[in-house]
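Structure, as structure tokens:
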Amino acid sequence: MSGVPPGPRELTSGLERLAGLLEQFDVKDLKVVVFGGGTGLSNLVGGDSRHPSWPEAPFNGLKELFPRTTSIVCVTDDGGSTGELLKDLDVVAVGDLRHVLLSSIRQDKLHAQYGLNEEDCLKVAASLHQVFNFRYAKTPAGLDALLSSLDHCLDALPAGMSRPLLDLMGALFTDERLQRLVNRPHCLGNLLLVSAICRHNGKSFSCDGKALIRGLRFLADLLGGEPDAVLPCTFTPARLKILYGNGVMVTGEYKSGHANRGFPVERVMVEASGRPEVPAEVLASIRLADIILFAPGSLYTSIIPIMQMEEISVEIRKNTRALKLLVTNIWVQKGETDLVTDEPGRRFHVSDLINAYHRNIPGGIEGLFNEVLALSLDDIPGSILQSYALEGKVPIYLDRENVRASGLGLLECRIFSAAALKEKRVVQHDSLAMAKTVRAVWAVRKHLAPPSAITLSQKMGAEGLIIGRRDQTPSSRLAAVAKALAKFNLDPQIRERVLDILWRHGDISLDHLSFHDGIMLVEKADWVHPQEWDRIFSFYDPVDRMIKIRRDVSGQPESFELAYLVALGESLLGNYAAAKEMLPVEHKSGPLGRIYQVTLRPPALRQCYLDEEDLHTYLELARINRSLLDPLRYTRLVNGQEGFTPPGLLFGLIYAWYLDNRFAAHIEYKMAILKMEVPNMIPEQVKVSSRRRQLVDFFRRRIFGHDV
């Protein structure tokens, strides 16, 4: 795949003949379907079109050897410019679609469509790279200002391409559906794709599936790709839910990708706003495919969400004549493949990647892929791997025996860039090497071992799709949150900051905003809230139902976010307590400690998010025990001068920690016991670990509504 290795002529001549035969093997009429996310998929198809060096060699990869390639893209991303679009539009995530779309342009198509020579094709690719990856920090005043920012790079494009692109850009400033989008920081390529969709959607503000496909086809064809080169896996807006090994479940691909939970991912689910609609074009392309590929990339946020669309996985299994290949990742990905579920502390193996697919895809991996393409690291100098290790990058270990024992074929290939290794001392997938590898495997497919029954120890995935309400798309949720905040008398700057916090933490229910009447900033000199138990400069005051935050904290974004989330959590307990007191415990030898006593307000007078049973459960888990004499009285013994976290503050801290474990460091410390294996614990540690896991489960189920 990387050329014939040096050696004596009598040894290499046969390899040279084989290489020559493979080079002549005609695959241009084969139909190829590739599944994946943004970077991994685009790199496989035609190189990473976001990378600054892409214009140097834009016509590479699968699309050149296999021109009838269709990419089916995961559309659950919610970060960056895509996330900003989701605030305003009920549309699937378009960022990865745009990314793969640009990677799919082909030189022969540009030549045939616009009469361009090789040099002109490279200039067009460079201009499109500049346009589609352009991000503005300041909102452009109009089309002329935008073109000026682009340094008029559209001038290098043929008229048949530049005029429609100018029309799409102009619509950003004239179409009322698009005008509001320009006010947020965006990637111009995303806006152009949305503009193309609106162009095919009449005057409607909603984005239906037909308009999405028409817009994609129009733009793909315009740029020099095949009209069906790129398709979304679904028309239905959806978002990811990630369940970690400690029981915490969080919503959002961006949030999970930037988390450092310290626990392996256990399951991934897709929450769709309604029953997901898979494009008919997607199912047809799978049905007709000669080759089906699973691209490398983020394990839990690219392939698995697509396979949660059961129509897709069923159609793949039905196509029994296609060659089906899984391309493995090279490097461990922090937050996804840096930890394993069954052996804490062990590095991630290729078999772990396969098991993760099996565990998270309904019906497992049976019939989805038969062969695994893995990068052989035997040719990578140890000094380079050591350099990567110093940067915290570790390769995924290829455990050959376990992969083969699973029933899958294993093909070790040099699918890295030899030039990048030699010139830059970096190891990365090479799009051309991967395309040649796929061609070689197709050529010898009849000599591969027949598929075996899958034999994996882990249980195959069950239904992982969560059907939400159609009115709960990200944009509709944001509008509802903004409406709820409008009832409060807030400083506009604070309102925007709180709105941003609530947007980023999609697990916060709208109901959580119903137990307070606003936010009050209190001057430092007037701050009288006791800090005996904490250094959190916020609290919920049940007397006036206000969240109170010390004003100096409002100037520190992370501190303000923590303060707000803790107090918001506290507000869910409402006015549950009629009285709280600390009673001394005396002995003739001196004080022994204190008894914390809380008397609950009668249920009829209580304003609380928790019902009677849930409140009792929480207090018991917080080690506040119900009195045998009075069901409304709860107590806890505090020994000597030991510290103690009152139940209201503890609730707020766990609430904030659950949403983002960077907050509430001492809660993170307490929860670290969940990393210990039971056989290594003493009985008391087992009890503590069990109680803290029950607390996490309580918050997941009863507070954040995630019942797994």
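Every chain in the structure tokens takes a letter, A first, then B, and so on in the order presented; its residues are numbered from 1, and the ligands are numbered from 1 following the presented order.
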Legend entry - Backbone DSSP call of helix (DSSP H, G or I) for region 151-400 of chain A, listed as a VMD selection string: chain A and resid 153 to 156 159 to 174 176 to 183 188 to 199 209 to 223 253 to 257 280 to 288 299 to 307 310 to 318 350 to 360 377 to 379 382 to 390 400
Inset, instruction - Could you give me, as a PyMOL selection string, the residues within 10 Å of Leu89 (chain A), counting only C-alpha atoms and dropping anything in the same chain fewer than 3 positions from it? - result: chain A and resi 84-86+92-93+177-178+181+194+205-207+237+473-476
Export N, CA and C atoms of the chosen residues as a compact mmCIF listing (two decimals), in the first residue's frame?
# COMPACT_ATOMS: atom_id res chain seq x y z
N GLU A 84 -24.28 27.12 17.68
CA GLU A 84 -24.91 28.44 17.55
C GLU A 84 -26.12 28.38 16.60
N LEU A 85 -26.01 27.60 15.54
CA LEU A 85 -27.15 27.45 14.62
C LEU A 85 -28.32 26.76 15.29
N LEU A 86 -28.02 25.78 16.15
CA LEU A 86 -29.08 25.04 16.83
C LEU A 86 -29.88 25.94 17.76
N VAL A 92 -30.85 19.69 11.81
CA VAL A 92 -29.80 18.79 12.28
C VAL A 92 -28.47 19.54 12.27
N ALA A 93 -27.49 19.01 12.98
CA ALA A 93 -26.17 19.63 13.02
C ALA A 93 -25.55 19.60 11.62
N ARG A 177 -35.16 34.77 7.41
CA ARG A 177 -34.88 33.52 8.13
C ARG A 177 -33.41 33.41 8.48
N LEU A 178 -32.56 34.09 7.69
CA LEU A 178 -31.11 33.94 7.84
C LEU A 178 -30.45 35.14 8.51
N LEU A 181 -29.12 34.82 11.99
CA LEU A 181 -28.01 33.89 12.17
C LEU A 181 -26.67 34.60 12.12
N VAL A 194 -26.81 26.25 5.18
CA VAL A 194 -28.15 26.60 5.64
C VAL A 194 -28.85 27.48 4.61
N PHE A 205 -40.02 28.62 7.71
CA PHE A 205 -38.96 28.76 8.70
C PHE A 205 -38.49 27.40 9.20
N SER A 206 -39.29 26.37 9.00
CA SER A 206 -38.89 25.03 9.43
C SER A 206 -38.05 24.39 8.33
N CYS A 207 -37.17 23.48 8.74
CA CYS A 207 -36.30 22.82 7.78
C CYS A 207 -36.76 21.39 7.59
N PRO A 237 -33.71 16.44 14.29
CA PRO A 237 -32.74 16.94 15.27
C PRO A 237 -32.60 15.97 16.43
N THR A 473 -36.85 20.50 20.61
CA THR A 473 -35.59 20.66 19.90
C THR A 473 -34.74 21.65 20.69
N PRO A 474 -33.42 21.69 20.44
CA PRO A 474 -32.58 22.64 21.17
C PRO A 474 -33.06 24.08 21.08
N SER A 475 -33.49 24.51 19.89
CA SER A 475 -33.93 25.90 19.74
C SER A 475 -35.22 26.17 20.50
N SER A 476 -36.15 25.21 20.51
CA SER A 476 -37.40 25.42 21.24
C SER A 476 -37.15 25.41 22.74
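Pairwise distance (CA of Thr645 (chain A), CA of Ser554 (chain A)) equals 24.2 Å.
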Inset, instruction - Pick out each residue of region 528-695 of chain A that DSSP on the backbone tags as strand (DSSP E); I need them as a PyMOL selection string. - result: chain A and resi 538-541+546-550+577-587+590-600+625-626+633-639
Inset, instruction - Can you pull out every residue within 8 Å of region 492-506 of chain A, counting only C-alpha atoms, but drop anything in the same chain fewer than 6 positions away, and send it as an MDAnalysis selection string? - result: chainID A and resid 251:252 255 478 481:482 485 561 659
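Distance-wise, CA of Leu432 (chain A) and CA of Met161 (chain A) end up 27.2 Å apart.
Proximity of A:Phe488, A:Phe66, A:Tyr357, A:Tyr618 to Arg545 (chain A), computed with only C-alpha atoms, is greatest for A:Phe488.
Minimum atom-to-atom distance to Leu288 (chain A), evaluated using only C-alpha atoms, belongs to A:Arg68 out of A:Lys210, A:His587, A:Arg68, A:Arg702.
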Neighbour list for region 323-333 of chain A as an mmCIF file with N, CA and C atoms, in the first residue's frame, cut-off 7 Å, only C-alpha atoms, skip fewer than 6 positions in-chain:
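selection_20.cif was written with the following content:
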data_model
loop_
_atom_site.group_PDB
_atom_site.id
_atom_site.type_symbol
_atom_site.label_atom_id
_atom_site.label_comp_id
_atom_site.auth_asym_id
_atom_site.auth_seq_id
_atom_site.Cartn_x
_atom_site.Cartn_y
_atom_site.Cartn_z
ATOM 1 N N ASP A 290 -21.557 -1.784 -2.801
ATOM 2 C CA ASP A 290 -20.628 -2.903 -2.986
ATOM 3 C C ASP A 290 -19.652 -2.987 -1.815
ATOM 4 N N ILE A 291 -19.322 -1.819 -1.261
ATOM 5 C CA ILE A 291 -18.393 -1.742 -0.126
ATOM 6 C C ILE A 291 -19.011 -0.839 0.932
ATOM 7 N N ILE A 292 -18.980 -1.282 2.178
ATOM 8 C CA ILE A 292 -19.468 -0.483 3.307
ATOM 9 C C ILE A 292 -18.307 -0.301 4.277
ATOM 10 N N LEU A 293 -17.999 0.960 4.578
ATOM 11 C CA LEU A 293 -16.868 1.286 5.448
ATOM 12 C C LEU A 293 -17.342 2.019 6.690
ATOM 13 N N PHE A 294 -16.693 1.725 7.799
ATOM 14 C CA PHE A 294 -16.889 2.475 9.035
ATOM 15 C C PHE A 294 -15.608 3.257 9.264
ATOM 16 N N ALA A 295 -15.693 4.584 9.135
ATOM 17 C CA ALA A 295 -14.502 5.432 9.179
ATOM 18 C C ALA A 295 -13.954 5.534 10.596
ATOM 19 N N PRO A 296 -12.656 5.830 10.719
ATOM 20 C CA PRO A 296 -12.116 6.115 12.052
ATOM 21 C C PRO A 296 -12.666 7.445 12.551
ATOM 22 N N GLY A 297 -12.536 7.680 13.831
ATOM 23 C CA GLY A 297 -13.033 8.930 14.412
ATOM 24 C C GLY A 297 -13.464 8.718 15.840
ATOM 25 N N PHE A 348 -6.429 1.203 26.442
ATOM 26 C CA PHE A 348 -7.510 0.817 25.535
ATOM 27 C C PHE A 348 -6.966 -0.056 24.409
ATOM 28 N N LEU A 368 -22.616 -6.219 10.603
ATOM 29 C CA LEU A 368 -22.275 -4.829 10.269
ATOM 30 C C LEU A 368 -20.918 -4.736 9.586
ATOM 31 N N PHE A 369 -19.931 -5.448 10.094
ATOM 32 C CA PHE A 369 -18.624 -5.504 9.435
ATOM 33 C C PHE A 369 -17.992 -6.864 9.725
ATOM 34 N N ASN A 370 -17.198 -7.329 8.751
ATOM 35 C CA ASN A 370 -16.570 -8.643 8.849
ATOM 36 C C ASN A 370 -15.065 -8.560 9.043
ATOM 37 N N GLU A 371 -14.473 -7.462 8.555
ATOM 38 C CA GLU A 371 -13.023 -7.312 8.611
ATOM 39 C C GLU A 371 -12.664 -6.026 9.348
ATOM 40 N N VAL A 372 -11.543 -6.065 10.043
ATOM 41 C CA VAL A 372 -11.036 -4.906 10.774
ATOM 42 C C VAL A 372 -9.724 -4.473 10.135
ATOM 43 N N LEU A 373 -9.661 -3.223 9.674
ATOM 44 C CA LEU A 373 -8.421 -2.652 9.149
ATOM 45 C C LEU A 373 -7.733 -1.903 10.279
ATOM 46 N N ALA A 374 -6.570 -2.375 10.680
ATOM 47 C CA ALA A 374 -5.859 -1.759 11.800
ATOM 48 C C ALA A 374 -4.482 -1.314 11.349
ATOM 49 N N LEU A 375 -4.028 -0.221 11.893
ATOM 50 C CA LEU A 375 -2.695 0.287 11.593
ATOM 51 C C LEU A 375 -1.662 -0.541 12.341
ATOM 52 N N LYS A 393 -0.308 11.394 24.323
ATOM 53 C CA LYS A 393 -0.996 10.630 23.275
ATOM 54 C C LYS A 393 -0.460 9.202 23.259
ATOM 55 N N VAL A 394 -1.377 8.258 23.354
ATOM 56 C CA VAL A 394 -1.015 6.846 23.425
ATOM 57 C C VAL A 394 -1.755 6.101 22.318
ATOM 58 N N PRO A 395 -1.068 5.228 21.571
ATOM 59 C CA PRO A 395 -1.772 4.473 20.528
ATOM 60 C C PRO A 395 -2.709 3.432 21.125
ATOM 61 N N ILE A 396 -3.791 3.157 20.411
ATOM 62 C CA ILE A 396 -4.679 2.061 20.808
ATOM 63 C C ILE A 396 -3.952 0.751 20.519
#
Inset, instruction - Point out the residue among A:Gly367, A:Gly95, A:Gly142, A:Pro557 with the least atom-to-atom distance to Leu191 (chain A), counting only C-alpha atoms. - result: A:Gly95
Inset, instruction - Would you kindly return, as a PyMOL selection string, each protein, DNA or RNA residue with an atom no farther than 8 Å from any atom of Phe651 (chain A), considering only C-alpha atoms and excluding same-chain residues fewer than 3 positions away? - result: chain A and resi 566+569-570+647-648+654-655
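For the residues A:Gly215, A:Pro584, A:Pro140, A:Gly224, ranking by smallest atom-to-atom distance to Pro67 (chain A) using only C-alpha atoms places A:Gly224 first.
Counting only C-alpha atoms, the residue from A:Ala563, A:Leu65, A:Val268, A:Ile384 that sits nearest to Ala433 (chain A) is A:Leu65.
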Legend entry - Distance query region 594-602 of chain A at most 12 Å, only C-alpha atoms, self and fewer than 5 positions along chain excluded, as number ranges by chain: A: 573-587, 607-608, 611-612, 615-616, 619, 623-627, 630-648
